[in-house]
Amino acid sequence: MKSVLVSSFDEPPRIANVVEPGQPHDASTTQVHVLASGVHNVVRSRAAGRHYSATAAHLPLNPGVDGVGRTSAGKVVYFSTMPNGSFSEIINLPTHSLVELNPSADPVHVAAYVNPTMSSWMALQRRTVNLPEKFKVLIMGVTSASGRIAVDVSRRLGAGNVIGVARNASAMQGLGLDDTIVLKENIDEIDFSPANGADVVLDYLYGKPTQHLFRTLQSDKEIQWVHIGSLAGKALEVPASELRSKNLTLRGAGRGSWSIAEMKKELPDIVKFVAEDLGKRDIRVEKFDDVSVIWNQAVTERLVLVP
């Protein structure tokens, strides 16, 4: 059967013929015929050897992490699998890890968007505490793929006021935001006043914009700050006075800050939300066979591979 494998972290993945997995011995394992699998940021990190799960000892490596497939019983399921890799025509998976989809669900859409939806969903559900009804949320990096989805996730989970922060003002139009904040080259010129009174910050930027917001954000209530991404910087200097003068809680959201057990509890709701409620977005679909050609091409849409 065909699989997409990384043989060197200095080269793009390539199609390879591998031995098909045998039939499961009992009901604890289910054989899944893959229908679609997303090329997410974590997948590219694994393929480049920049992720903890991808070292030279793992080569050859199947870099895919999740997807949608069909079982031998005809059920369409979402699956997540880092150990096995998802870029194969057939994979065997723990039965308990599969999430069944409605037959009307679009496999490509689900494969493309469950992973980027997970970041904001897990941040709000597992890394915040006692948010008020109709809470106010500030999304730093709102025009990123995950940031755009975070708008819809926030609404779904009860936000009454959603503020977006990004460099491109026109790109923020049409995202359903209540207000916007435009980043500038001179950080000190950014007006963060629309964010005042925020209950929670979902931060995909970090770095200098976050540092400036720490200094200027005003609130007479608790601010729950959740770091998710580092699009604007890897490090942050927080003056001690800012921590003393604000009712601020700083947390991270990612594997480690939340557990795999917590993720599994949330996963059915995440999958259902993506399949049934998340609006259609641009997706580029390519074949496994073409992976080495398209891997390094500039792609603005979500990229999904199909057998």
# chains A, B, ... in the order shown; residues from 1 in each chain; ligands from 1
$ residues_around --residues "Ser80 in chain A" --least-positions-apart "6" --cutoff "7 Å" --atoms "only C-alpha atoms" --output "ChimeraX atom specification"
/A:65-67
$ write_last_selection --atoms "N, CA, C and O atoms" --output "tab-separated table (two decimals), in the first residue's frame"
chain	number	residue	atom	x	y	z
A	65	VAL	N	-0.78	13.35	11.52
A	65	VAL	CA	-1.19	13.17	12.91
A	65	VAL	C	-2.68	12.88	13.08
A	65	VAL	O	-3.09	12.44	14.17
A	66	ASP	N	-3.49	13.13	12.06
A	66	ASP	CA	-4.92	12.87	12.22
A	66	ASP	C	-5.58	12.79	10.85
A	66	ASP	O	-4.94	13.02	9.82
A	67	GLY	N	-6.86	12.46	10.85
A	67	GLY	CA	-7.56	12.38	9.57
A	67	GLY	C	-8.95	11.80	9.73
A	67	GLY	O	-9.46	11.62	10.84
$ closest_atom_pairs --of "range 29-49 of chain A" --to "range 286-289 of chain A" --cutoff "12 Å" --atoms "only C-alpha atoms" --output "Markdown table"
| residue | atom | partner | partner_atom | distance |
| --- | --- | --- | --- | --- |
| A:Val34 | CA | A:Phe288 | CA | 11.2 |
| A:Leu35 | CA | A:Lys287 | CA | 10.8 |
| A:Ala36 | CA | A:Lys287 | CA | 9.5 |
| A:Ser37 | CA | A:Phe288 | CA | 9.8 |
| A:Gly38 | CA | A:Glu286 | CA | 10.3 |
| A:Val39 | CA | A:Glu286 | CA | 10.4 |
$ atom_distance --atom1 "CA of Leu231 in chain A" --atom2 "CA of Arg44 in chain A"
15.5 Å
$ closest_atom_pairs --of "range 26-122 of chain A" --to "range 189-203 of chain A" --cutoff "12 Å" --atoms "only C-alpha atoms" --output "tab-separated table"
residue	atom	partner	partner_atom	distance
A:Ser119	CA	A:Leu202	CA	9.5
A:Ser120	CA	A:Leu202	CA	7.2
A:Trp121	CA	A:Leu202	CA	10.4
A:Met122	CA	A:Leu202	CA	10.9
$ residues_around --residues "range 290-302 of chain A" --least-positions-apart "5" --cutoff "6 Å" --atoms "only C-alpha atoms" --output "mmCIF file with N, CA and C atoms, in the first residue's frame"
data_model
loop_
_atom_site.group_PDB
_atom_site.id
_atom_site.type_symbol
_atom_site.label_atom_id
_atom_site.label_comp_id
_atom_site.auth_asym_id
_atom_site.auth_seq_id
_atom_site.Cartn_x
_atom_site.Cartn_y
_atom_site.Cartn_z
ATOM 1 N N PRO A 12 11.728 16.923 1.269
ATOM 2 C CA PRO A 12 10.272 16.783 1.454
ATOM 3 C C PRO A 12 9.876 15.319 1.566
ATOM 4 N N PRO A 13 8.735 15.043 2.166
ATOM 5 C CA PRO A 13 8.228 13.666 2.212
ATOM 6 C C PRO A 13 8.015 13.122 0.809
ATOM 7 N N ARG A 14 8.072 11.799 0.690
ATOM 8 C CA ARG A 14 7.884 11.151 -0.607
ATOM 9 C C ARG A 14 6.936 9.961 -0.467
ATOM 10 N N ASP A 282 -11.576 27.706 2.647
ATOM 11 C CA ASP A 282 -10.791 27.260 1.495
ATOM 12 C C ASP A 282 -9.892 26.083 1.864
ATOM 13 N N ILE A 283 -9.924 25.070 1.036
ATOM 14 C CA ILE A 283 -9.107 23.866 1.228
ATOM 15 C C ILE A 283 -8.496 23.487 -0.116
ATOM 16 N N ARG A 284 -7.227 23.135 -0.085
ATOM 17 C CA ARG A 284 -6.562 22.596 -1.277
ATOM 18 C C ARG A 284 -6.357 21.104 -1.071
#
$ residues_around --residues "Ser28 in chain A" --least-positions-apart "3" --cutoff "9 Å" --atoms "only C-alpha atoms" --output "PyMOL selection string"
chain A and resi 24-25+93-96
$ residues_around --residues "range 161-164 of chain A" --least-positions-apart "2" --cutoff "9 Å" --atoms "only C-alpha atoms" --output "list in words"
Lys134, Phe135, Lys136, Val137, Leu138, Ile139, Met140, Gly141, Val142, Thr143, Gly147, Val151, Ser154, Arg155, Ala159, Ala166, Met172, Leu175, Gly176, Leu177, Asp178, Asp179, Thr180, Ile181, Val182, Pro194, Ala195 and Ala198 of chain A
